[in-house]
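The next block holds one structure in the form of structure tokens; read it before the comments.
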Amino acid sequence: MSSPLDDRFSRHASLPGWNQERLRQATVVIMGLGALGNTVAQCLALAGIGKLVLCDPDRIEASNLSRTPLFRERDIGRLKVEAAARALADLAPSVTVDPRPHRLEAGVGLAELRDAALTLGCLDSRAARLELAGRCGLVRAPWIDGATGSWSGELRLYLDPQGPCYGCGQTDEARAASDDPRSCGVPATGLPAGATAPLSATIGAHMALLAVRFVMGLSVPAGLLVFDALQGELARVHQPRDPTCPYHQPIPGAVPVPIGPQHRVRELLVALGPDRAPLAWNPIQLRAVCRRCGWNDPKSRALPATAVPCPRCPAPLRARTTLEFSHCTPDVRLRDLGIPARETLAVRTATGIDFAELAGYGE
């Protein structure tokens with residue numbers, strides 16, 4: 001007698017090469033839960049993927065509702081990942097959904113990226129894509145990137161660690177520049193990018209289809225796929241690997257340490273031992289300071305993206321940052337510094353750089 005779960009996926013069995021058990025055992029990370037992320041998560045859950053890790057710090061706005069099948073009007077103001085997790089629980093109860101309401105570098109550790117079957121980038125800026133490209137490159141993690149334009153879309157497959165990456169298609173100037181909407185160095189235009197549900201659904205569903213085939217070990221096209229919605233054409237573009245691209249320098253190996261994001265800075269330093277200085281990949285904010293009058297607040301560890309005026313003079317506050325954990329308050333927990341579970345940290349020693357792999361929660 002068949003089970004309800006077997007009946008749910010019975011139509012999959014007639015597809016050549018389909019391996020439901022391989023999907024059930026797989027973990028897939030989705031970076032970004034906007035229009036593309038919604039469609040990707042929905043399709044993968046319906047296909048029977050075992051676990052979805054959803055990473056996005058944003059909350060739902062009314063403008064999201066025209067393109068996001070997992071969100072409802074009652075969800076406005078809620079975290080995208082939490083609303084998506086609730087919707088997916090109803091849609092596909094056999095799928096484990098792990099919501100992470102954080103930016104990508106603080107939401108998923110490098111060891112998690114390494115061990116996941118695949119990562120899907122559904123991001124909205126070049127800066128975020130380069131960040132993900134760098135992190136995947138450090139651990140040779142395969143990933144698929146998706147993007148939509150006005151009447152076009154792209155799918156970029158970075159599944160071979162020896163092949164090109166997103167950074168290979170960028171100039172040195174483009175890699176250095178930031179188009180991150182949260183960056184204080186980028187002026188706000190006030191003009192959101194155009195988007196529509198049919199195009200987002202087309203690109204998102206294609207990403208999910210390629211993801212399913214890759215996870216099951218089936219063939220997938222290589223390179224860059226460009227979709228022209230006006231002509232109804234999908235073209236393949238060859239992208240060569242840039243031998244000078246800085247995103248192809250994997251971590252050689254990391255030593256596990258029994259420290260997770262719930263532990264404090266002083267516990268991390270003790271666990272690593274003397275004369276070993278752990279370093280963060282992204283700047284850690286120590287305090288807010290005013291360069292004009294000298295006012296500072298050591299309790300301000302997270303300035304918002306918009307400019308905040310100094311309480312003593314009208315000058316904007318600036319963040320004082322560091323990459324060295326030894327400069328941080330010893331009793332601060334790693335999670336409060338944006339360090340995710342199972343992160344890998346570079347550790348400066350007297351002879352060079354080693355790497356330490358942190359534990360997860362409860363390990």
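Identifiers in the structure tokens: chain A, B, ... in order shown; residue index from 1 per chain; ligand index from 1 in order shown.
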
**Request:** Using only C-alpha atoms, determine which residues lie at most 8 Å from stretch 135-141 of chain A, disregarding the query and same-chain residues fewer than 3 positions distant; provide the list as JSON, numbers by chain.
**Result:** {"A": [110, 111, 113, 114, 115, 116, 118, 119, 131, 132, 159, 161, 247, 248, 249, 250, 251]}

At most 7 Å is the cut-off: for each residue in stretch 244-321 of chain A with any atom that close to an atom of stretch 329-352 of chain A, write down the nearest atom pair and the distance in Å rounded to one decimal, counting only C-alpha atoms, chain first then increasing number, as JSON lines.
```
{"residue": "A:Gly260", "atom": "CA", "partner": "A:Ala341", "partner_atom": "CA", "distance": 6.0}
{"residue": "A:Pro261", "atom": "CA", "partner": "A:Arg335", "partner_atom": "CA", "distance": 4.6}
{"residue": "A:Gln262", "atom": "CA", "partner": "A:Arg333", "partner_atom": "CA", "distance": 5.8}
{"residue": "A:His263", "atom": "CA", "partner": "A:Arg333", "partner_atom": "CA", "distance": 5.4}
{"residue": "A:Arg264", "atom": "CA", "partner": "A:Arg333", "partner_atom": "CA", "distance": 4.1}
{"residue": "A:Val265", "atom": "CA", "partner": "A:Pro330", "partner_atom": "CA", "distance": 4.9}
{"residue": "A:Arg266", "atom": "CA", "partner": "A:Pro330", "partner_atom": "CA", "distance": 4.8}
{"residue": "A:Asp275", "atom": "CA", "partner": "A:Thr349", "partner_atom": "CA", "distance": 6.3}
{"residue": "A:Arg276", "atom": "CA", "partner": "A:Thr349", "partner_atom": "CA", "distance": 5.0}
{"residue": "A:Ala277", "atom": "CA", "partner": "A:Arg348", "partner_atom": "CA", "distance": 5.0}
{"residue": "A:Pro278", "atom": "CA", "partner": "A:Val347", "partner_atom": "CA", "distance": 4.2}
{"residue": "A:Leu279", "atom": "CA", "partner": "A:Ala346", "partner_atom": "CA", "distance": 5.4}
{"residue": "A:Ala280", "atom": "CA", "partner": "A:Leu345", "partner_atom": "CA", "distance": 6.3}
{"residue": "A:Ile284", "atom": "CA", "partner": "A:Leu337", "partner_atom": "CA", "distance": 6.4}
```

**Request:** For A:Gly50, list every protein, DNA or RNA residue within 9 Å, evaluated using only C-alpha atoms, and leave out those in the same chain fewer than 6 positions away; present the list as a list of chain:residue names.
**Result:** A:Glu21, A:Arg22, A:Leu23, A:Arg24, A:Gln25, A:Ala26, A:Thr27, A:Val28, A:Ser94, A:Val95, A:Thr96, A:Val97

**Message:** I'd like to know which residues of stretch 217-333 of chain A are strand (DSSP E) (by DSSP, run on the backbone); could you write them as number ranges by chain?
**Reply:** A: 223-228, 233-237, 255-256, 277-289, 296-297, 318-324

**Message:** Residues near stretch 82-88 of chain A, anyone? I mean within 9 Å using only C-alpha atoms, not counting same-chain ones fewer than 4 positions away, as a ChimeraX atom specification.
**Reply:** /A:33,38,41-42,45-46,54,60,70-72,75,78,92-93,95-101

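The smallest atom-to-atom distance between A:Gly169 and any of A:Arg236, A:Arg320, A:Arg8, A:Arg129, using only C-alpha atoms, is found for A:Arg129.
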
**Residue set, stretch 96-151 of chain A restricted to helix (DSSP H, G or I), as a ChimeraX atom specification** = /A:104-107,110-115,126-139

Go ahead and write the selection's residues with N, CA and C atoms as a PDB file, in the first residue's frame.
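Everything below was put into part.pdb:
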```
ATOM      1  N   LEU A 104      23.451  37.678   3.333  1.00  0.00           N
ATOM      2  CA  LEU A 104      24.016  36.379   2.969  1.00  0.00           C
ATOM      3  C   LEU A 104      25.278  36.025   3.739  1.00  0.00           C
ATOM      4  N   GLU A 105      26.147  37.025   4.028  1.00  0.00           N
ATOM      5  CA  GLU A 105      27.405  36.715   4.710  1.00  0.00           C
ATOM      6  C   GLU A 105      27.187  36.388   6.184  1.00  0.00           C
ATOM      7  N   ALA A 106      26.053  36.812   6.750  1.00  0.00           N
ATOM      8  CA  ALA A 106      25.753  36.534   8.154  1.00  0.00           C
ATOM      9  C   ALA A 106      24.716  35.433   8.311  1.00  0.00           C
ATOM     10  N   GLY A 107      24.133  34.982   7.216  1.00  0.00           N
ATOM     11  CA  GLY A 107      23.057  34.006   7.305  1.00  0.00           C
ATOM     12  C   GLY A 107      23.478  32.568   7.131  1.00  0.00           C
ATOM     13  N   LEU A 110      30.326  29.376   5.729  1.00  0.00           N
ATOM     14  CA  LEU A 110      31.039  28.808   4.592  1.00  0.00           C
ATOM     15  C   LEU A 110      30.964  27.281   4.573  1.00  0.00           C
ATOM     16  N   ALA A 111      31.024  26.651   5.736  1.00  0.00           N
ATOM     17  CA  ALA A 111      30.935  25.190   5.770  1.00  0.00           C
ATOM     18  C   ALA A 111      29.550  24.716   5.341  1.00  0.00           C
ATOM     19  N   GLU A 112      28.517  25.494   5.629  1.00  0.00           N
ATOM     20  CA  GLU A 112      27.169  25.156   5.152  1.00  0.00           C
ATOM     21  C   GLU A 112      27.077  25.261   3.639  1.00  0.00           C
ATOM     22  N   LEU A 113      27.656  26.327   3.077  1.00  0.00           N
ATOM     23  CA  LEU A 113      27.680  26.458   1.620  1.00  0.00           C
ATOM     24  C   LEU A 113      28.411  25.281   0.986  1.00  0.00           C
ATOM     25  N   ARG A 114      29.527  24.899   1.590  1.00  0.00           N
ATOM     26  CA  ARG A 114      30.322  23.780   1.064  1.00  0.00           C
ATOM     27  C   ARG A 114      29.533  22.483   1.061  1.00  0.00           C
ATOM     28  N   ASP A 115      28.787  22.225   2.127  1.00  0.00           N
ATOM     29  CA  ASP A 115      28.109  20.945   2.289  1.00  0.00           C
ATOM     30  C   ASP A 115      26.740  20.896   1.625  1.00  0.00           C
ATOM     31  N   ARG A 126      24.808  43.792  -8.035  1.00  0.00           N
ATOM     32  CA  ARG A 126      26.096  43.222  -8.415  1.00  0.00           C
ATOM     33  C   ARG A 126      26.957  42.996  -7.180  1.00  0.00           C
ATOM     34  N   ALA A 127      26.896  43.918  -6.221  1.00  0.00           N
ATOM     35  CA  ALA A 127      27.696  43.775  -5.005  1.00  0.00           C
ATOM     36  C   ALA A 127      27.356  42.483  -4.272  1.00  0.00           C
ATOM     37  N   ALA A 128      26.062  42.172  -4.154  1.00  0.00           N
ATOM     38  CA  ALA A 128      25.653  40.948  -3.464  1.00  0.00           C
ATOM     39  C   ALA A 128      26.085  39.716  -4.248  1.00  0.00           C
ATOM     40  N   ARG A 129      25.991  39.772  -5.563  1.00  0.00           N
ATOM     41  CA  ARG A 129      26.420  38.629  -6.378  1.00  0.00           C
ATOM     42  C   ARG A 129      27.921  38.390  -6.240  1.00  0.00           C
ATOM     43  N   LEU A 130      28.699  39.468  -6.222  1.00  0.00           N
ATOM     44  CA  LEU A 130      30.137  39.312  -6.031  1.00  0.00           C
ATOM     45  C   LEU A 130      30.453  38.753  -4.644  1.00  0.00           C
ATOM     46  N   GLU A 131      29.686  39.184  -3.642  1.00  0.00           N
ATOM     47  CA  GLU A 131      29.870  38.647  -2.292  1.00  0.00           C
ATOM     48  C   GLU A 131      29.620  37.147  -2.286  1.00  0.00           C
ATOM     49  N   LEU A 132      28.533  36.725  -2.935  1.00  0.00           N
ATOM     50  CA  LEU A 132      28.218  35.295  -2.983  1.00  0.00           C
ATOM     51  C   LEU A 132      29.243  34.542  -3.814  1.00  0.00           C
ATOM     52  N   ALA A 133      29.694  35.128  -4.928  1.00  0.00           N
ATOM     53  CA  ALA A 133      30.711  34.491  -5.757  1.00  0.00           C
ATOM     54  C   ALA A 133      31.987  34.254  -4.957  1.00  0.00           C
ATOM     55  N   GLY A 134      32.380  35.257  -4.165  1.00  0.00           N
ATOM     56  CA  GLY A 134      33.577  35.116  -3.355  1.00  0.00           C
ATOM     57  C   GLY A 134      33.451  34.025  -2.313  1.00  0.00           C
ATOM     58  N   ARG A 135      32.303  33.971  -1.641  1.00  0.00           N
ATOM     59  CA  ARG A 135      32.117  32.968  -0.594  1.00  0.00           C
ATOM     60  C   ARG A 135      32.023  31.561  -1.187  1.00  0.00           C
ATOM     61  N   CYS A 136      31.320  31.421  -2.302  1.00  0.00           N
ATOM     62  CA  CYS A 136      31.254  30.100  -2.937  1.00  0.00           C
ATOM     63  C   CYS A 136      32.626  29.680  -3.450  1.00  0.00           C
ATOM     64  N   GLY A 137      33.396  30.639  -3.958  1.00  0.00           N
ATOM     65  CA  GLY A 137      34.732  30.320  -4.438  1.00  0.00           C
ATOM     66  C   GLY A 137      35.664  29.846  -3.345  1.00  0.00           C
ATOM     67  N   LEU A 138      35.497  30.380  -2.141  1.00  0.00           N
ATOM     68  CA  LEU A 138      36.362  29.983  -1.030  1.00  0.00           C
ATOM     69  C   LEU A 138      36.215  28.506  -0.677  1.00  0.00           C
ATOM     70  N   VAL A 139      35.031  27.937  -0.913  1.00  0.00           N
ATOM     71  CA  VAL A 139      34.782  26.543  -0.531  1.00  0.00           C
ATOM     72  C   VAL A 139      34.377  25.685  -1.728  1.00  0.00           C
TER      73      VAL A 139
END
```

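Excluding A:Pro314 and any residue on its chain fewer than 3 positions from it, the residues at most 10 Å away by only C-alpha atoms are Cys290, Arg292, Cys293, Val308, Pro309, Cys310, Pro311 and Leu317 of chain A.
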
Let's have the selection written as an mmCIF file, in the first residue's frame, with N, CA and C atoms.
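Saved file part_21.cif follows:
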```
data_model
loop_
_atom_site.group_PDB
_atom_site.id
_atom_site.type_symbol
_atom_site.label_atom_id
_atom_site.label_comp_id
_atom_site.auth_asym_id
_atom_site.auth_seq_id
_atom_site.Cartn_x
_atom_site.Cartn_y
_atom_site.Cartn_z
ATOM 1 N N CYS A 290 31.852 60.600 15.318
ATOM 2 C CA CYS A 290 31.718 61.829 14.539
ATOM 3 C C CYS A 290 33.123 62.363 14.280
ATOM 4 N N ARG A 292 33.873 65.153 12.991
ATOM 5 C CA ARG A 292 33.969 66.609 13.143
ATOM 6 C C ARG A 292 34.209 66.993 14.595
ATOM 7 N N CYS A 293 33.366 66.504 15.516
ATOM 8 C CA CYS A 293 33.479 66.949 16.904
ATOM 9 C C CYS A 293 34.061 65.890 17.838
ATOM 10 N N VAL A 308 22.936 59.056 9.645
ATOM 11 C CA VAL A 308 22.453 59.409 10.976
ATOM 12 C C VAL A 308 23.276 60.597 11.470
ATOM 13 N N PRO A 309 22.619 61.702 11.862
ATOM 14 C CA PRO A 309 23.385 62.877 12.303
ATOM 15 C C PRO A 309 23.955 62.698 13.703
ATOM 16 N N CYS A 310 25.064 63.340 13.944
ATOM 17 C CA CYS A 310 25.675 63.344 15.263
ATOM 18 C C CYS A 310 24.743 64.083 16.229
ATOM 19 N N PRO A 311 24.546 63.568 17.457
ATOM 20 C CA PRO A 311 23.685 64.255 18.418
ATOM 21 C C PRO A 311 24.277 65.564 18.939
ATOM 22 N N LEU A 317 27.241 60.636 11.284
ATOM 23 C CA LEU A 317 28.068 59.682 12.026
ATOM 24 C C LEU A 317 28.713 58.691 11.073
#
```

**Item:** Shell around A:Pro221 at 9 Å using only C-alpha atoms, local window under 3 positions removed, as a VMD selection string
**Value:** chain A and resid 157 210 224 to 225 236

Write to file, as a PDB file, in the first residue's frame, the residues of the selection just made, with C-alpha atoms.
```pdb
ATOM      1  CA  LEU A 157      25.563  28.458 -14.024  1.00  0.00           C
ATOM      2  CA  LEU A 210      18.257  23.229 -13.678  1.00  0.00           C
ATOM      3  CA  LEU A 224      25.281  31.882 -19.462  1.00  0.00           C
ATOM      4  CA  LEU A 225      21.680  31.559 -20.664  1.00  0.00           C
ATOM      5  CA  ARG A 236      23.544  30.344 -24.676  1.00  0.00           C
TER       6      ARG A 236
END
```

**Asked** Neighbours of A:Trp151 within 7 Å (only C-alpha atoms; same-chain residues fewer than 5 positions away dropped), as a list in words?
**Response** Asp228, Ala229 and Leu230 of chain A

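The smallest atom-to-atom distance between A:Gly17 and any of A:Val215, A:Leu65, A:Leu234, A:Cys313, using only C-alpha atoms, is found for A:Val215.
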